[in-house]
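Shown next: target.txt, containing compact mmCIF, N, CA and C atoms.
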# COMPACT_ATOMS: atom_id res chain seq x y z
N GLN A 1 -79.73 34.16 -25.98
CA GLN A 1 -78.88 34.05 -24.80
C GLN A 1 -78.72 32.58 -24.43
N VAL A 2 -77.53 32.18 -24.06
CA VAL A 2 -77.27 30.80 -23.68
C VAL A 2 -76.77 30.76 -22.25
N GLN A 3 -77.22 29.78 -21.52
CA GLN A 3 -76.72 29.51 -20.17
C GLN A 3 -76.13 28.11 -20.15
N LEU A 4 -75.01 27.96 -19.47
CA LEU A 4 -74.35 26.66 -19.35
C LEU A 4 -74.42 26.23 -17.89
N VAL A 5 -74.94 25.03 -17.67
CA VAL A 5 -75.11 24.52 -16.32
C VAL A 5 -74.18 23.32 -16.15
N GLU A 6 -73.21 23.47 -15.25
CA GLU A 6 -72.18 22.44 -15.05
C GLU A 6 -72.45 21.67 -13.76
N SER A 7 -71.94 20.45 -13.73
CA SER A 7 -72.00 19.65 -12.51
C SER A 7 -70.88 18.63 -12.54
N GLY A 8 -70.56 18.07 -11.36
CA GLY A 8 -69.65 16.93 -11.32
C GLY A 8 -68.28 17.20 -10.73
N GLY A 9 -67.96 18.40 -10.35
CA GLY A 9 -66.67 18.65 -9.74
C GLY A 9 -66.61 18.07 -8.33
N GLY A 10 -65.43 18.18 -7.72
CA GLY A 10 -65.28 17.70 -6.36
C GLY A 10 -63.85 17.44 -5.99
N LEU A 11 -63.69 16.70 -4.89
CA LEU A 11 -62.36 16.36 -4.37
C LEU A 11 -62.09 14.88 -4.62
N VAL A 12 -60.90 14.59 -5.14
CA VAL A 12 -60.54 13.21 -5.44
C VAL A 12 -59.06 13.02 -5.17
N GLN A 13 -58.68 11.82 -4.83
CA GLN A 13 -57.26 11.52 -4.62
C GLN A 13 -56.56 11.31 -5.96
N ALA A 14 -55.27 11.53 -5.97
CA ALA A 14 -54.48 11.31 -7.17
C ALA A 14 -54.69 9.88 -7.67
N GLY A 15 -54.87 9.77 -8.99
CA GLY A 15 -55.15 8.47 -9.59
C GLY A 15 -56.63 8.19 -9.75
N GLY A 16 -57.45 9.01 -9.14
CA GLY A 16 -58.90 8.80 -9.21
C GLY A 16 -59.52 9.39 -10.46
N SER A 17 -60.85 9.33 -10.50
CA SER A 17 -61.61 9.77 -11.68
C SER A 17 -62.76 10.67 -11.26
N LEU A 18 -63.13 11.55 -12.17
CA LEU A 18 -64.32 12.37 -12.03
C LEU A 18 -64.93 12.55 -13.41
N ARG A 19 -66.23 12.81 -13.42
CA ARG A 19 -66.91 13.08 -14.69
C ARG A 19 -67.66 14.39 -14.55
N LEU A 20 -67.37 15.32 -15.46
CA LEU A 20 -68.05 16.60 -15.49
C LEU A 20 -69.14 16.57 -16.54
N SER A 21 -70.23 17.25 -16.24
CA SER A 21 -71.35 17.33 -17.17
C SER A 21 -71.75 18.78 -17.39
N CYS A 22 -72.26 19.07 -18.56
CA CYS A 22 -72.70 20.42 -18.87
C CYS A 22 -73.86 20.35 -19.86
N VAL A 23 -74.87 21.15 -19.60
CA VAL A 23 -75.98 21.28 -20.54
C VAL A 23 -76.16 22.75 -20.86
N ALA A 24 -76.36 23.03 -22.12
CA ALA A 24 -76.58 24.40 -22.56
C ALA A 24 -78.06 24.66 -22.71
N VAL A 25 -78.51 25.68 -22.05
CA VAL A 25 -79.90 26.11 -22.19
C VAL A 25 -79.87 27.32 -23.11
N ALA A 26 -80.38 27.09 -24.32
CA ALA A 26 -80.26 28.16 -25.31
C ALA A 26 -81.44 28.09 -26.24
N SER A 27 -81.64 29.17 -26.92
CA SER A 27 -82.72 29.18 -27.90
C SER A 27 -82.20 29.74 -29.20
N GLY A 28 -82.66 29.17 -30.28
CA GLY A 28 -82.40 29.77 -31.58
C GLY A 28 -81.08 29.39 -32.21
N LEU A 29 -79.99 30.04 -31.77
CA LEU A 29 -78.74 29.98 -32.50
C LEU A 29 -78.02 28.67 -32.28
N GLY A 30 -77.56 28.06 -33.35
CA GLY A 30 -76.96 26.75 -33.28
C GLY A 30 -75.57 26.74 -32.68
N ILE A 31 -75.35 25.80 -31.76
CA ILE A 31 -74.03 25.61 -31.18
C ILE A 31 -73.22 24.75 -32.13
N ASN A 32 -71.99 25.15 -32.44
CA ASN A 32 -71.17 24.35 -33.34
C ASN A 32 -69.96 23.73 -32.64
N ALA A 33 -69.75 24.04 -31.39
CA ALA A 33 -68.68 23.40 -30.62
C ALA A 33 -68.97 23.57 -29.13
N MET A 34 -68.61 22.55 -28.37
CA MET A 34 -68.70 22.61 -26.92
C MET A 34 -67.45 21.97 -26.35
N GLY A 35 -67.09 22.40 -25.15
CA GLY A 35 -65.89 21.83 -24.56
C GLY A 35 -65.67 22.30 -23.15
N TRP A 36 -64.42 22.18 -22.72
CA TRP A 36 -64.05 22.52 -21.35
C TRP A 36 -62.73 23.29 -21.32
N TYR A 37 -62.71 24.33 -20.51
CA TYR A 37 -61.49 25.06 -20.17
C TYR A 37 -61.24 24.86 -18.67
N ARG A 38 -60.05 25.20 -18.23
CA ARG A 38 -59.76 25.20 -16.81
C ARG A 38 -58.81 26.33 -16.45
N GLN A 39 -58.88 26.74 -15.20
CA GLN A 39 -57.99 27.78 -14.71
C GLN A 39 -57.52 27.42 -13.31
N ALA A 40 -56.23 27.22 -13.20
CA ALA A 40 -55.62 26.93 -11.90
C ALA A 40 -55.21 28.25 -11.24
N PRO A 41 -55.07 28.25 -9.92
CA PRO A 41 -54.68 29.48 -9.22
C PRO A 41 -53.39 30.07 -9.79
N GLY A 42 -53.41 31.35 -10.11
CA GLY A 42 -52.23 32.03 -10.61
C GLY A 42 -51.88 31.75 -12.06
N LYS A 43 -52.75 31.01 -12.75
CA LYS A 43 -52.47 30.66 -14.15
C LYS A 43 -53.59 31.16 -15.05
N GLN A 44 -53.29 31.22 -16.35
CA GLN A 44 -54.30 31.64 -17.31
C GLN A 44 -55.27 30.49 -17.59
N ARG A 45 -56.46 30.86 -18.01
CA ARG A 45 -57.43 29.86 -18.42
C ARG A 45 -56.91 29.16 -19.67
N GLU A 46 -57.04 27.83 -19.70
CA GLU A 46 -56.54 27.06 -20.83
C GLU A 46 -57.59 26.08 -21.34
N LEU A 47 -57.50 25.79 -22.61
CA LEU A 47 -58.39 24.80 -23.21
C LEU A 47 -57.99 23.41 -22.73
N VAL A 48 -58.97 22.64 -22.32
CA VAL A 48 -58.74 21.25 -21.93
C VAL A 48 -59.14 20.32 -23.07
N ALA A 49 -60.37 20.49 -23.55
CA ALA A 49 -60.87 19.64 -24.62
C ALA A 49 -62.02 20.34 -25.32
N LEU A 50 -62.12 20.08 -26.62
CA LEU A 50 -63.16 20.70 -27.43
C LEU A 50 -63.73 19.68 -28.39
N SER A 51 -65.04 19.70 -28.54
CA SER A 51 -65.72 18.81 -29.48
C SER A 51 -66.49 19.66 -30.47
N ARG A 52 -66.17 19.49 -31.75
CA ARG A 52 -66.83 20.29 -32.78
C ARG A 52 -67.95 19.48 -33.44
N SER A 53 -68.95 20.16 -33.93
CA SER A 53 -69.96 19.51 -34.75
C SER A 53 -69.25 18.91 -35.96
N GLY A 54 -69.58 17.68 -36.27
CA GLY A 54 -68.84 16.98 -37.31
C GLY A 54 -67.94 15.92 -36.72
N GLY A 55 -67.70 16.02 -35.40
CA GLY A 55 -67.03 14.94 -34.70
C GLY A 55 -65.58 15.14 -34.32
N SER A 56 -64.93 16.19 -34.82
CA SER A 56 -63.52 16.35 -34.47
C SER A 56 -63.38 16.82 -33.03
N THR A 57 -62.28 16.41 -32.40
CA THR A 57 -62.01 16.79 -31.02
C THR A 57 -60.58 17.31 -30.89
N ILE A 58 -60.38 18.14 -29.90
CA ILE A 58 -59.06 18.68 -29.58
C ILE A 58 -58.83 18.46 -28.10
N TYR A 59 -57.61 18.06 -27.74
CA TYR A 59 -57.23 17.90 -26.33
C TYR A 59 -55.93 18.66 -26.06
N ALA A 60 -55.84 19.21 -24.86
CA ALA A 60 -54.55 19.73 -24.42
C ALA A 60 -53.58 18.56 -24.28
N ASP A 61 -52.32 18.80 -24.60
CA ASP A 61 -51.33 17.73 -24.51
C ASP A 61 -51.28 17.11 -23.12
N SER A 62 -51.49 17.93 -22.11
CA SER A 62 -51.36 17.47 -20.73
C SER A 62 -52.45 16.49 -20.32
N VAL A 63 -53.54 16.40 -21.09
CA VAL A 63 -54.64 15.50 -20.69
C VAL A 63 -54.87 14.37 -21.68
N LYS A 64 -54.13 14.38 -22.79
CA LYS A 64 -54.32 13.32 -23.78
C LYS A 64 -54.07 11.95 -23.16
N GLY A 65 -54.98 11.02 -23.47
CA GLY A 65 -54.86 9.68 -22.94
C GLY A 65 -55.48 9.51 -21.57
N ARG A 66 -55.83 10.61 -20.91
CA ARG A 66 -56.44 10.52 -19.57
C ARG A 66 -57.87 11.05 -19.54
N PHE A 67 -58.13 12.08 -20.33
CA PHE A 67 -59.46 12.71 -20.36
C PHE A 67 -60.15 12.37 -21.68
N THR A 68 -61.47 12.23 -21.62
CA THR A 68 -62.26 11.98 -22.82
C THR A 68 -63.46 12.90 -22.83
N ILE A 69 -63.63 13.62 -23.94
CA ILE A 69 -64.78 14.49 -24.10
C ILE A 69 -65.83 13.75 -24.91
N SER A 70 -67.09 13.92 -24.55
CA SER A 70 -68.18 13.31 -25.29
C SER A 70 -69.39 14.20 -25.17
N GLY A 71 -70.42 13.85 -25.90
CA GLY A 71 -71.65 14.63 -25.84
C GLY A 71 -72.23 14.82 -27.21
N ASP A 72 -73.14 15.76 -27.30
CA ASP A 72 -73.87 15.96 -28.54
C ASP A 72 -74.18 17.44 -28.67
N ASN A 73 -73.52 18.11 -29.62
CA ASN A 73 -73.75 19.54 -29.78
C ASN A 73 -75.21 19.85 -30.14
N ALA A 74 -75.81 18.96 -30.92
CA ALA A 74 -77.21 19.17 -31.29
C ALA A 74 -78.11 19.10 -30.05
N LYS A 75 -77.75 18.25 -29.12
CA LYS A 75 -78.52 18.13 -27.88
C LYS A 75 -77.99 19.06 -26.80
N LYS A 76 -76.93 19.80 -27.13
CA LYS A 76 -76.39 20.81 -26.25
C LYS A 76 -75.89 20.23 -24.93
N THR A 77 -75.26 19.09 -25.00
CA THR A 77 -74.67 18.48 -23.82
C THR A 77 -73.21 18.15 -24.10
N VAL A 78 -72.40 18.24 -23.06
CA VAL A 78 -70.99 17.83 -23.18
C VAL A 78 -70.54 17.27 -21.84
N TYR A 79 -69.70 16.25 -21.91
CA TYR A 79 -69.19 15.58 -20.72
C TYR A 79 -67.66 15.52 -20.81
N LEU A 80 -67.05 15.45 -19.67
CA LEU A 80 -65.60 15.27 -19.62
C LEU A 80 -65.29 14.18 -18.60
N GLN A 81 -64.88 13.04 -19.10
CA GLN A 81 -64.46 11.94 -18.23
C GLN A 81 -62.97 12.13 -17.95
N MET A 82 -62.63 12.26 -16.68
CA MET A 82 -61.25 12.52 -16.29
C MET A 82 -60.73 11.35 -15.47
N ASN A 83 -59.76 10.66 -16.00
CA ASN A 83 -59.15 9.51 -15.33
C ASN A 83 -57.70 9.82 -14.97
N SER A 84 -57.15 9.04 -14.09
CA SER A 84 -55.75 9.20 -13.67
C SER A 84 -55.46 10.65 -13.29
N LEU A 85 -56.34 11.22 -12.49
CA LEU A 85 -56.18 12.62 -12.12
C LEU A 85 -54.93 12.83 -11.27
N GLN A 86 -54.30 13.97 -11.50
CA GLN A 86 -53.09 14.33 -10.79
C GLN A 86 -53.29 15.69 -10.10
N PRO A 87 -52.48 15.98 -9.09
CA PRO A 87 -52.62 17.29 -8.42
C PRO A 87 -52.55 18.47 -9.38
N ASP A 88 -51.78 18.36 -10.46
CA ASP A 88 -51.69 19.45 -11.44
C ASP A 88 -53.00 19.68 -12.18
N ASP A 89 -53.94 18.76 -12.07
CA ASP A 89 -55.25 18.94 -12.70
C ASP A 89 -56.18 19.78 -11.83
N THR A 90 -55.75 20.12 -10.64
CA THR A 90 -56.57 20.94 -9.76
C THR A 90 -56.81 22.31 -10.39
N ALA A 91 -58.08 22.67 -10.52
CA ALA A 91 -58.44 23.92 -11.18
C ALA A 91 -59.96 24.08 -11.12
N VAL A 92 -60.40 25.26 -11.52
CA VAL A 92 -61.82 25.46 -11.79
C VAL A 92 -62.03 25.12 -13.27
N TYR A 93 -62.97 24.24 -13.52
CA TYR A 93 -63.26 23.79 -14.88
C TYR A 93 -64.52 24.50 -15.37
N TYR A 94 -64.41 25.06 -16.57
CA TYR A 94 -65.50 25.83 -17.16
C TYR A 94 -66.02 25.15 -18.42
N CYS A 95 -67.30 24.97 -18.47
CA CYS A 95 -67.94 24.52 -19.70
C CYS A 95 -67.90 25.65 -20.71
N TYR A 96 -67.81 25.29 -21.99
CA TYR A 96 -67.68 26.28 -23.06
C TYR A 96 -68.59 25.88 -24.21
N ALA A 97 -69.21 26.89 -24.81
CA ALA A 97 -70.03 26.67 -25.99
C ALA A 97 -69.85 27.83 -26.95
N GLN A 98 -69.88 27.54 -28.23
CA GLN A 98 -69.77 28.61 -29.21
C GLN A 98 -70.71 28.38 -30.38
N SER A 99 -71.10 29.47 -31.00
CA SER A 99 -71.78 29.44 -32.28
C SER A 99 -71.07 30.46 -33.16
N ILE A 100 -71.61 30.72 -34.32
CA ILE A 100 -70.99 31.75 -35.17
C ILE A 100 -71.24 33.14 -34.60
N TYR A 101 -72.08 33.23 -33.58
CA TYR A 101 -72.44 34.53 -33.02
C TYR A 101 -71.85 34.79 -31.63
N TYR A 102 -71.45 33.77 -30.91
CA TYR A 102 -71.01 34.00 -29.54
C TYR A 102 -70.06 32.92 -29.05
N GLN A 103 -69.35 33.25 -27.97
CA GLN A 103 -68.61 32.30 -27.17
C GLN A 103 -69.10 32.48 -25.74
N LYS A 104 -69.29 31.37 -25.04
CA LYS A 104 -69.85 31.45 -23.69
C LYS A 104 -69.15 30.45 -22.78
N TRP A 105 -68.86 30.92 -21.58
CA TRP A 105 -68.31 30.02 -20.55
C TRP A 105 -69.30 29.92 -19.40
N GLY A 106 -69.33 28.76 -18.75
CA GLY A 106 -70.18 28.57 -17.58
C GLY A 106 -69.57 29.19 -16.35
N GLN A 107 -70.23 28.98 -15.22
CA GLN A 107 -69.78 29.56 -13.96
C GLN A 107 -68.55 28.86 -13.41
N GLY A 108 -68.35 27.64 -13.79
CA GLY A 108 -67.19 26.89 -13.33
C GLY A 108 -67.52 25.92 -12.21
N THR A 109 -66.78 24.83 -12.17
CA THR A 109 -66.91 23.84 -11.10
C THR A 109 -65.50 23.46 -10.64
N GLN A 110 -65.32 23.41 -9.33
CA GLN A 110 -63.99 23.17 -8.77
C GLN A 110 -63.65 21.68 -8.80
N VAL A 111 -62.45 21.40 -9.28
CA VAL A 111 -61.89 20.04 -9.22
C VAL A 111 -60.60 20.14 -8.41
N THR A 112 -60.53 19.37 -7.34
CA THR A 112 -59.36 19.36 -6.48
C THR A 112 -58.82 17.94 -6.38
N VAL A 113 -57.55 17.77 -6.70
CA VAL A 113 -56.91 16.47 -6.66
C VAL A 113 -55.85 16.49 -5.57
N SER A 114 -56.03 15.64 -4.58
CA SER A 114 -55.08 15.59 -3.47
C SER A 114 -54.00 14.54 -3.74
N SER A 115 -52.82 14.80 -3.25
CA SER A 115 -51.69 13.87 -3.47
C SER A 115 -51.60 12.85 -2.37

Could you express the structure from this file as structure tokens?
Amino acid sequence: QVQLVESGGGLVQAGGSLRLSCVAVASGLGINAMGWYRQAPGKQRELVALSRSGGSTIYADSVKGRFTISGDNAKKTVYLQMNSLQPDDTAVYYCYAQSIYYQKWGQGTQVTVSS
């Protein structure tokens, strides 16, 4: 069983920055990717950024050039540095981890960007 513990959400003005952190508490099964999803009110949950073991990363087009994912899958940590935040980035952000056996999302942390 894996648990994901997130931190770092909050309220920020447009143009500001926030950094999200997540640590996976797990035993046994190897994590091969970690990342972040988000869900805005009335919208579907969407992938924001993903970091795979081996170093490849994926970003949603809407955050490219503004958000940076980092961390270490072996150490079960992932971070999301969010710069130049805009009101459209307002959402609940969920940490994500996967192995060949499971996919898991955290409880979520609220990010609110005021205009």

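Considering only C-alpha atoms, the residue among A:Ala33, A:Ala60, A:Val5, A:Arg19 positioned nearest to A:Tyr101 is A:Ala33.
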
Report task. Using only C-alpha atoms, determine which residues lie at most 8 Å from A:Ile31, disregarding the query and same-chain residues fewer than 5 positions distant; provide the list as a PyMOL selection string. Result -> chain A and resi 73-74+76+97-100

Query raised in the report: Out of chain A, which residues get strand (DSSP E) from DSSP, as an NGL selection string?
Result: :A and (2-7 or 10-13 or 18-26 or 33-39 or 46-52 or 57-59 or 67-72 or 77-82 or 91-98 or 103-105 or 109-114)

Query - 7 Å contact set for A:Ser51, all atoms listed in the file, chain neighbours under 3 positions out, as a ChimeraX atom specification - result: /A:32-36,54-58,69

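Minimum atom-to-atom distances from A:Leu50, A:Leu18, A:Val113, A:Ala26 to A:Pro87 were compared using only N, CA and C atoms, and the lowest value belongs to A:Val113.
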
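A straight-line distance of 26.0 Å separates atom N of A:Val25 from atom CA of A:Asp89.
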
Query raised in the report: How many Å separate atom CA of A:Thr112 from atom CA of A:Leu11?
Result: 4.7 Å

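Atom CA of A:Leu85 is positioned 10.8 Å from atom C of A:Ser115.
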
Counting all atoms listed in the file, which residues sit no farther than 6.5 Å from the position (-57.7, 26.3, -7.6) in the file's frame? I'd like them as an mmCIF file with N, CA and C atoms, keeping the file's coordinate frame.
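Written file, out_26.cif:
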data_model
loop_
_atom_site.group_PDB
_atom_site.id
_atom_site.type_symbol
_atom_site.label_atom_id
_atom_site.label_comp_id
_atom_site.auth_asym_id
_atom_site.auth_seq_id
_atom_site.Cartn_x
_atom_site.Cartn_y
_atom_site.Cartn_z
ATOM 1 N N GLN A 39 -58.880 26.740 -15.200
ATOM 2 C CA GLN A 39 -57.990 27.780 -14.710
ATOM 3 C C GLN A 39 -57.520 27.420 -13.310
ATOM 4 N N ALA A 40 -56.230 27.220 -13.200
ATOM 5 C CA ALA A 40 -55.620 26.930 -11.900
ATOM 6 C C ALA A 40 -55.210 28.250 -11.240
ATOM 7 N N PRO A 41 -55.070 28.250 -9.920
ATOM 8 C CA PRO A 41 -54.680 29.480 -9.220
ATOM 9 C C PRO A 41 -53.390 30.070 -9.790
ATOM 10 N N THR A 90 -55.750 20.120 -10.640
ATOM 11 C CA THR A 90 -56.570 20.940 -9.760
ATOM 12 C C THR A 90 -56.810 22.310 -10.390
ATOM 13 N N ALA A 91 -58.080 22.670 -10.520
ATOM 14 C CA ALA A 91 -58.440 23.920 -11.180
ATOM 15 C C ALA A 91 -59.960 24.080 -11.120
ATOM 16 N N VAL A 92 -60.400 25.260 -11.520
ATOM 17 C CA VAL A 92 -61.820 25.460 -11.790
ATOM 18 C C VAL A 92 -62.030 25.120 -13.270
#

**Report entry** Picked from chain A by DSSP as helix (DSSP H, G or I), as a PyMOL selection string
**Finding:** chain A and resi 61-63+87-89

Query - Option closest in space to A:Leu4, from A:Gln81, A:Gln44, A:Thr68, A:Ser21 [counting all atoms listed in the file] - result: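 Among the listed residues, A:Ser21 lies closest to A:Leu4.
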
Query - Residue neighbourhood A:Asn83, 6 Å, all atoms listed in the file, exclusion window fewer than 5 positions, as a PyMOL selection string - result: chain A and resi 15-18+66-67

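Residue nearest A:Val63, chosen from A:Val48, A:Leu80, A:Leu20, A:Ser114 and counting all atoms listed in the file: A:Val48.
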
Requested in this report: Just the residues within 7 Å of A:Tyr37, please, counting all atoms listed in the file, with nothing from its chain fewer than 4 positions along; format it as a PyMOL selection string.
Outcome: chain A and resi 45-49+92-96

Query - Nearest to A:Lys75, chosen from A:Ser53, A:Gln13, A:Gly106, A:Asp88, with only C-alpha atoms counted in the distances - result: A:Ser53

Requested in this report: Determine the nearest neighbour of A:Gln1 from the options A:Arg38, A:Arg52, A:Gly71, A:Gln103, counting only C-alpha atoms.
Outcome: A:Gln103
